[in-house]
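*Asks:* Structure file target-v7.txt, compact mmCIF, C-alpha atoms, is pasted below:
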```txt
# COMPACT_ATOMS: atom_id res chain seq x y z
CA MET A 117 151.13 68.42 -30.43
CA ALA A 118 149.00 65.60 -29.04
CA THR A 119 147.46 66.13 -25.61
CA THR A 120 146.50 63.24 -23.31
CA ASP A 121 146.17 62.56 -19.60
CA ARG A 122 149.72 61.42 -18.89
CA HIS A 123 148.70 59.91 -15.52
CA ALA A 124 146.32 57.43 -17.19
CA VAL A 125 148.45 56.39 -20.15
CA PRO A 126 151.87 54.63 -20.22
CA LEU A 127 154.74 56.95 -21.07
CA ALA A 128 155.63 54.99 -24.22
CA THR A 129 152.06 55.40 -25.48
CA LEU A 130 152.18 59.14 -24.78
CA ALA A 131 155.51 59.42 -26.56
CA LEU A 132 154.11 57.55 -29.56
CA ALA A 133 151.09 59.85 -29.70
CA HIS A 134 153.28 62.95 -29.70
CA ALA A 135 155.61 61.41 -32.29
CA LEU A 136 152.71 60.61 -34.63
CA SER A 137 151.43 64.17 -34.20
CA ALA A 138 154.85 65.53 -35.19
CA ALA A 139 155.00 63.21 -38.18
CA GLU A 140 151.70 64.64 -39.42
CA ARG A 141 153.56 67.94 -39.74
CA GLY A 142 156.22 66.32 -41.93
CA LEU A 143 158.77 65.86 -39.12
CA ALA A 144 160.69 62.57 -39.17
CA VAL A 145 160.90 60.98 -35.71
CA ILE A 146 162.62 58.24 -33.68
CA PRO A 147 161.89 56.90 -30.16
CA LEU A 148 164.11 58.22 -27.35
CA SER A 149 164.93 56.90 -23.89
CA ARG A 150 164.86 58.91 -20.66
CA THR A 151 168.51 59.79 -21.32
CA LYS A 152 167.53 61.58 -24.56
CA LEU A 153 169.45 58.94 -26.54
CA PRO A 154 167.86 56.73 -29.22
CA ALA A 155 165.81 54.05 -27.47
CA LEU A 156 166.75 51.25 -29.85
CA ARG A 157 170.15 49.61 -29.48
CA SER A 158 172.33 49.08 -32.54
CA PRO A 159 171.78 45.71 -34.22
CA HIS A 160 175.55 45.61 -34.76
CA ARG A 161 176.52 46.07 -31.11
CA ASP A 162 177.78 42.47 -30.73
CA GLU A 163 179.73 42.38 -33.98
CA PRO A 164 183.52 42.45 -33.34
CA ASP A 165 184.31 44.79 -36.23
CA PRO A 166 181.04 46.13 -37.64
CA ALA A 167 181.05 47.83 -41.01
CA PRO A 168 179.58 51.36 -41.07
CA CYS A 169 175.83 51.10 -41.47
CA HIS A 170 173.23 53.86 -41.62
CA GLY A 171 170.30 51.48 -41.81
CA GLU A 172 171.24 49.78 -45.06
CA CYS A 173 170.92 46.42 -43.27
CA GLY A 174 167.17 47.00 -42.97
CA ARG A 175 167.04 46.61 -39.19
CA PRO A 176 166.17 49.38 -36.70
CA GLY A 177 168.67 50.72 -34.22
CA HIS A 178 170.64 53.24 -36.29
CA GLY A 179 169.69 56.34 -34.35
CA VAL A 180 168.67 59.32 -36.42
CA TYR A 181 168.96 57.25 -39.60
CA ASP A 182 165.80 55.41 -38.49
CA ALA A 183 163.82 58.66 -38.54
CA THR A 184 160.59 58.49 -40.53
CA THR A 185 157.22 60.17 -41.05
CA ASP A 186 155.49 56.90 -41.97
CA PRO A 187 152.92 56.16 -39.21
CA ARG A 188 153.23 52.40 -39.62
CA ARG A 189 157.01 52.54 -39.40
CA ILE A 190 156.81 54.83 -36.37
CA ARG A 191 154.50 52.38 -34.60
CA ASP A 192 156.91 49.55 -35.37
CA LEU A 193 159.84 51.52 -33.94
CA PHE A 194 157.98 52.30 -30.73
CA ALA A 195 156.75 48.71 -30.45
CA ALA A 196 160.42 47.65 -30.53
CA ALA A 197 161.22 50.27 -27.86
CA PRO A 198 158.59 49.77 -25.13
CA ARG A 199 160.63 51.78 -22.62
CA ALA A 200 160.72 54.89 -24.82
CA THR A 201 159.55 58.01 -23.00
CA GLY A 202 160.12 60.55 -25.73
CA TYR A 203 160.92 61.08 -29.37
CA GLY A 204 163.57 62.81 -31.41
CA ILE A 205 162.96 64.92 -34.50
CA ALA A 206 165.59 64.54 -37.20
CA CYS A 207 167.07 67.77 -38.53
CA GLY A 208 168.03 68.54 -42.11
CA LEU A 209 165.40 66.33 -43.76
CA PRO A 210 162.71 67.44 -46.23
CA PRO A 211 160.24 69.07 -46.28
CA HIS A 212 161.32 71.41 -43.47
CA HIS A 213 165.11 70.85 -43.46
CA LEU A 214 164.86 71.61 -39.76
CA ILE A 215 167.58 73.61 -37.99
CA GLY A 216 167.51 73.70 -34.21
CA VAL A 217 169.01 76.64 -32.32
CA ASP A 218 169.63 75.26 -28.83
CA LEU A 219 169.87 78.05 -26.26
CA ASP A 220 171.52 76.31 -23.34
CA THR A 221 171.57 77.46 -19.72
CA LYS A 222 173.84 74.80 -18.20
CA SER A 223 177.04 76.62 -19.17
CA GLY A 224 176.12 79.58 -16.97
CA THR A 225 176.02 81.92 -19.97
CA ASP A 226 173.05 83.99 -21.10
CA SER A 227 172.61 82.34 -24.48
CA SER A 228 169.39 84.25 -25.25
CA SER A 229 171.24 87.55 -24.87
CA ALA A 230 174.08 86.19 -27.00
CA LEU A 231 171.61 85.38 -29.78
CA ARG A 232 170.08 88.86 -29.54
CA GLU A 233 173.55 90.41 -29.80
CA LEU A 234 174.30 88.32 -32.88
CA ALA A 235 171.01 89.42 -34.40
CA LEU A 236 171.82 93.09 -33.80
CA ARG A 237 175.36 92.75 -35.10
CA HIS A 238 174.40 90.87 -38.26
CA LEU A 239 171.07 92.60 -38.87
CA PHE A 240 168.60 89.75 -38.65
CA THR A 241 165.49 89.02 -36.60
CA ILE A 242 164.39 85.64 -35.27
CA PRO A 243 160.92 85.15 -36.78
CA ASP A 244 157.87 83.80 -34.98
CA THR A 245 158.29 80.03 -35.01
CA VAL A 246 158.01 76.91 -32.87
CA VAL A 247 159.97 77.23 -29.61
CA VAL A 248 160.38 74.33 -27.19
CA ALA A 249 161.20 74.81 -23.51
CA THR A 250 163.69 72.34 -22.06
CA PRO A 251 163.61 71.02 -18.46
CA SER A 252 166.82 72.91 -17.64
CA GLY A 253 165.28 76.25 -18.61
CA GLY A 254 166.74 76.43 -22.10
CA ARG A 255 164.98 76.92 -25.42
CA HIS A 256 165.02 75.14 -28.76
CA VAL A 257 164.17 77.52 -31.62
CA TRP A 258 163.00 75.71 -34.75
CA LEU A 259 163.93 77.13 -38.14
CA SER A 260 163.64 75.83 -41.68
CA GLY A 261 166.65 75.74 -43.99
CA PRO A 262 166.86 75.70 -47.80
CA PRO A 263 167.05 72.24 -49.40
CA ASP A 264 170.43 72.88 -51.04
CA VAL A 265 172.31 73.91 -47.88
CA VAL A 266 173.81 71.47 -45.38
CA VAL A 267 173.91 73.00 -41.90
CA PRO A 268 176.36 71.09 -39.69
CA ASN A 269 175.90 70.40 -35.99
CA SER A 270 177.99 72.59 -33.72
CA ALA A 271 178.44 73.29 -30.02
CA GLY A 272 179.27 76.82 -28.93
CA ARG A 273 180.71 77.80 -32.31
CA LEU A 274 178.10 80.48 -32.96
CA ALA A 275 178.39 81.85 -29.41
CA PRO A 276 178.89 80.38 -25.92
CA GLY A 277 175.82 78.42 -24.87
CA ILE A 278 174.36 78.22 -28.38
CA ASP A 279 174.40 74.79 -29.99
CA ILE A 280 173.13 74.06 -33.47
CA ARG A 281 171.33 70.90 -34.50
CA GLY A 282 171.65 70.36 -38.23
CA ALA A 283 172.07 67.49 -40.67
CA GLY A 284 172.63 64.22 -38.83
CA GLY A 285 171.35 65.65 -35.54
CA TYR A 286 168.01 65.62 -33.78
CA LEU A 287 165.94 67.65 -31.35
CA VAL A 288 163.98 66.24 -28.41
CA GLY A 289 160.35 66.69 -29.37
CA PRO A 290 157.79 68.53 -27.23
CA GLY A 291 155.87 66.15 -25.02
CA SER A 292 158.94 63.99 -24.39
CA ARG A 293 159.67 63.02 -20.80
CA THR A 294 163.35 62.60 -19.86
CA ALA A 295 165.26 62.03 -16.65
CA GLN A 296 165.54 65.84 -16.34
CA GLY A 297 161.86 66.54 -16.94
CA VAL A 298 159.40 67.27 -19.73
CA TYR A 299 160.01 69.15 -22.98
CA SER A 300 157.08 71.38 -23.89
CA ALA A 301 156.20 73.89 -26.59
CA VAL A 302 156.29 77.49 -25.41
CA PRO A 303 152.67 78.73 -25.21
CA GLY A 304 151.47 80.24 -28.46
CA THR A 305 154.15 78.60 -30.62
CA ALA A 306 153.09 74.94 -30.87
CA HIS A 307 150.97 75.35 -34.00
CA LEU A 308 153.08 77.98 -35.75
CA PRO A 309 154.71 76.95 -39.03
CA VAL A 310 158.45 76.39 -38.87
CA ALA A 311 159.81 79.77 -40.04
CA PRO A 312 162.62 80.09 -42.60
CA CYS A 313 166.06 80.73 -41.17
CA PRO A 314 167.06 84.37 -41.77
CA PRO A 315 169.70 84.49 -44.55
CA ALA A 316 172.20 86.38 -42.37
CA LEU A 317 171.93 83.73 -39.65
CA LEU A 318 172.16 80.93 -42.21
CA ARG A 319 175.47 82.37 -43.42
CA LEU A 320 176.78 82.18 -39.85
CA LEU A 321 175.69 78.56 -39.55
CA THR A 322 177.31 77.33 -42.74
CA PRO A 323 181.02 77.23 -43.56
CA PRO A 324 182.36 79.21 -46.53
CA PRO A 325 180.69 78.65 -49.93
CA ARG A 326 182.01 76.13 -52.43
CA VAL A 327 184.83 77.17 -54.73
CA HIS A 328 185.34 75.50 -58.10
CA HIS A 329 188.76 74.97 -59.71
CA PRO A 330 190.87 76.82 -57.17
CA SER A 331 194.40 77.95 -57.87
CA PRO A 332 197.14 75.72 -56.37
CA ALA A 333 197.82 78.20 -53.55
CA HIS A 334 194.15 78.60 -52.74
CA ALA A 335 193.60 74.85 -52.98
CA GLY A 336 196.17 74.30 -50.24
CA GLN A 337 194.54 76.85 -47.94
CA HIS A 338 191.04 75.58 -48.67
CA GLY A 339 192.07 71.96 -48.13
CA GLN A 340 193.77 72.77 -44.83
CA GLY A 341 190.64 74.61 -43.70
CA LEU A 342 188.51 71.54 -44.40
CA VAL A 343 190.91 69.31 -42.48
CA GLN A 344 190.83 71.70 -39.50
CA PHE A 345 187.03 71.71 -39.67
CA VAL A 346 187.04 67.92 -39.26
CA LEU A 347 189.63 68.04 -36.48
CA ALA A 348 187.43 70.43 -34.48
CA ALA A 349 184.54 67.93 -34.37
CA HIS A 350 183.14 66.84 -31.00
CA GLU A 351 181.46 63.53 -30.27
CA GLY A 352 178.10 63.40 -32.01
CA GLN A 353 179.19 65.59 -34.94
CA ARG A 354 182.24 63.74 -36.27
CA ASN A 355 180.50 61.98 -39.16
CA THR A 356 178.50 65.06 -40.08
CA ARG A 357 181.57 67.31 -40.18
CA LEU A 358 183.56 64.76 -42.17
CA PHE A 359 180.70 64.32 -44.65
CA TRP A 360 180.30 68.08 -45.09
CA ALA A 361 184.06 68.64 -45.54
CA ALA A 362 184.33 65.78 -48.03
CA CYS A 363 181.43 67.19 -50.07
CA ARG A 364 183.12 70.60 -50.20
CA ALA A 365 186.42 68.94 -51.17
CA TYR A 366 184.88 67.07 -54.10
CA GLU A 367 182.96 70.16 -55.20
CA SER A 368 186.28 72.02 -55.31
CA ASP A 369 188.05 69.22 -57.23
CA LEU A 370 190.14 68.39 -54.17
CA GLY A 371 188.38 65.18 -53.18
CA ASP A 372 190.90 62.61 -54.36
CA SER A 373 193.94 64.56 -53.19
CA LEU A 374 192.42 65.39 -49.80
CA THR A 375 190.85 62.03 -48.94
CA ASN A 376 193.75 60.66 -46.91
CA ALA A 377 194.14 63.89 -44.92
CA LEU A 378 190.41 64.00 -44.15
CA VAL A 379 190.39 60.34 -43.11
CA GLU A 380 193.41 60.85 -40.87
CA ALA A 381 191.76 63.90 -39.27
CA ALA A 382 188.55 61.94 -38.69
CA THR A 383 190.39 59.04 -37.04
CA ARG A 384 192.06 61.51 -34.68
CA THR A 385 188.57 62.60 -33.53
CA GLY A 386 187.56 59.01 -32.76
CA LEU A 387 186.15 57.49 -35.95
CA THR A 388 187.60 54.25 -37.27
CA GLU A 389 189.37 54.38 -40.61
CA ARG A 390 186.66 52.20 -42.12
CA GLU A 391 183.92 54.57 -40.93
CA ALA A 392 185.83 57.60 -42.20
CA ARG A 393 186.50 56.16 -45.65
CA SER A 394 182.87 55.05 -45.96
CA THR A 395 181.68 58.58 -45.14
CA VAL A 396 184.08 60.15 -47.66
CA ALA A 397 182.93 57.67 -50.31
CA SER A 398 179.30 58.60 -49.62
CA ALA A 399 180.17 62.29 -50.05
CA ALA A 400 181.88 61.52 -53.35
CA ARG A 401 178.83 59.65 -54.66
CA LEU A 402 176.46 62.42 -53.61
CA THR A 403 178.61 65.14 -55.20
CA GLN A 404 179.00 63.22 -58.46
CA ARG A 405 175.22 62.62 -58.59
CA ASN A 406 174.49 66.31 -57.99
CA ASP A 407 176.96 67.31 -60.71
CA ALA A 408 175.31 64.87 -63.12
CA GLU A 409 171.87 66.31 -62.39
CA ALA A 410 173.02 69.93 -62.67
```
Could you take the file, read its structure, and then write that structure out as structure tokens?

*Replies:*
Amino acid sequence: MATTDRHAVPLATLALAHALSAAERGLAVIPLSRTKLPALRSPHRDEPDPAPCHGECGRPGHGVYDATTDPRRIRDLFAAAPRATGYGIACGLPPHHLIGVDLDTKSGTDSSSALRELALRHLFTIPDTVVVATPSGGRHVWLSGPPDVVVPNSAGRLAPGIDIRGAGGYLVGPGSRTAQGVYSAVPGTAHLPVAPCPPALLRLLTPPPRVHHPSPAHAGQHGQGLVQFVLAAHEGQRNTRLFWAACRAYESDLGDSLTNALVEAATRTGLTEREARSTVASAARLTQRNDAEA
């Protein structure tokens, strides 16, 4: 990543330099504040009942949906966020379809050992790849996923202390300065290519495969499983889980019959009904388009 004398250059300029360096590698970025949150406020924040918007309005301030590799667009985003001190890297986007394995230390668990145990149990090896050290002593392991697999965000599902950043999520990029400290690439890994996720690990990160035309009994079980998947969502992964579950429902010919149950589950996790129905509708359009192209 970019290297500059941080004492002589404003933090926002340093963050921009690192973000542009990441974009050269095909990684879509957004400006972040010292709190690790997107630095640009939502343009809809003062609207009494804003409609769900993922950037369709054309204005910045939609979090990870602003992520881009276009240098001009990146400069515009940082110009609109002069207090940015870091940058986020969007996961799940081409060409890398980035998956972040976040080995946390704050929970008091040995997440690195937990990952090694999973690797031994499921017969996979973490390849040489980019690894980022966090200020708290944790590690972010970067892996590349296949373009046809949606890896959802999760917290502690794989093992205690292991969070996954997938579609709709982002990783704090190396060189970012936050209130906790600086994120930096582990020596010897900064210029490595992002390695493919081992197939055995990928299976652990993704829910069960799609099933077409299920029997009535199986349809009920499958539908209930998708609803429970949505209900288990934590803040920051609610839309992603709902979108993934709705895609699986439509792929299994359950979309129309399961819509109300998925929407109700999503509202119980904190989404508004309008947001939930918009997300389900997006999943329906994507699934129908994929079926048409198949």

*Asks:* Leaving out stretch 178-181 of chain A and any residue of its chain fewer than 6 positions from it, which residues lie within 10 Å of it when counting only C-alpha atoms, given as a PyMOL selection string?

*Replies:* chain A and resi 144-148+153-160+169-172+204-207+283-286

*Asks:* What is the atom CA of A:Asp369 to atom CA of A:Gly282 distance in Å?

*Replies:*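 Going from atom CA of A:Asp369 over to atom CA of A:Gly282 covers 25.1 Å.
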
*Asks:* Using only C-alpha atoms, which residues sit within 12 Å of A:Val246 once same-chain residues fewer than 5 positions away are excluded, as a PyMOL selection string?

*Replies:* chain A and resi 117+214-217+255-260+289-290+300-312

*Asks:* Using all atoms listed in the file, what residues lie at most 12 Å away from (170.9, 86.6, -32.1) (file coordinates), given as a ChimeraX atom specification?

*Replies:* /A:217-219,226-243,257,274-278,313-314,316-318,320-321

*Asks:* Calculated over all atoms listed in the file, which of the candidates A:Cys363, A:Ala392, A:Leu402, A:Val288 has the smallest distance to A:Asn376?

*Replies:*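 When distances to A:Asn376 are compared using all atoms listed in the file, the smallest one comes from A:Ala392.
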
*Asks:* Between atom CA of A:Leu370 and atom CA of A:Arg401, measure the distance and give it in Å to one decimal.

*Replies:*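 Distance between the two atoms: 14.3 Å.
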
*Asks:* With a distance cut-off of 12 Å and all atoms listed in the file, select the neighbouring residues of A:Thr388, excluding the residue or stretch itself and same-chain residues fewer than 2 positions from it, and output the selection as a PDB file with C-alpha atoms, keeping the file's coordinate frame.

*Replies:*
```pdb
ATOM      1  CA  ASP A 165     184.310  44.790 -36.230  1.00  0.00           C
ATOM      2  CA  PRO A 166     181.040  46.130 -37.640  1.00  0.00           C
ATOM      3  CA  ALA A 167     181.050  47.830 -41.010  1.00  0.00           C
ATOM      4  CA  PRO A 168     179.580  51.360 -41.070  1.00  0.00           C
ATOM      5  CA  ARG A 354     182.240  63.740 -36.270  1.00  0.00           C
ATOM      6  CA  ASN A 355     180.500  61.980 -39.160  1.00  0.00           C
ATOM      7  CA  VAL A 379     190.390  60.340 -43.110  1.00  0.00           C
ATOM      8  CA  GLU A 380     193.410  60.850 -40.870  1.00  0.00           C
ATOM      9  CA  ALA A 381     191.760  63.900 -39.270  1.00  0.00           C
ATOM     10  CA  ALA A 382     188.550  61.940 -38.690  1.00  0.00           C
ATOM     11  CA  THR A 383     190.390  59.040 -37.040  1.00  0.00           C
ATOM     12  CA  ARG A 384     192.060  61.510 -34.680  1.00  0.00           C
ATOM     13  CA  THR A 385     188.570  62.600 -33.530  1.00  0.00           C
ATOM     14  CA  GLY A 386     187.560  59.010 -32.760  1.00  0.00           C
ATOM     15  CA  ARG A 390     186.660  52.200 -42.120  1.00  0.00           C
ATOM     16  CA  GLU A 391     183.920  54.570 -40.930  1.00  0.00           C
ATOM     17  CA  ALA A 392     185.830  57.600 -42.200  1.00  0.00           C
ATOM     18  CA  ARG A 393     186.500  56.160 -45.650  1.00  0.00           C
ATOM     19  CA  SER A 394     182.870  55.050 -45.960  1.00  0.00           C
ATOM     20  CA  THR A 395     181.680  58.580 -45.140  1.00  0.00           C
TER      21      THR A 395
END
```
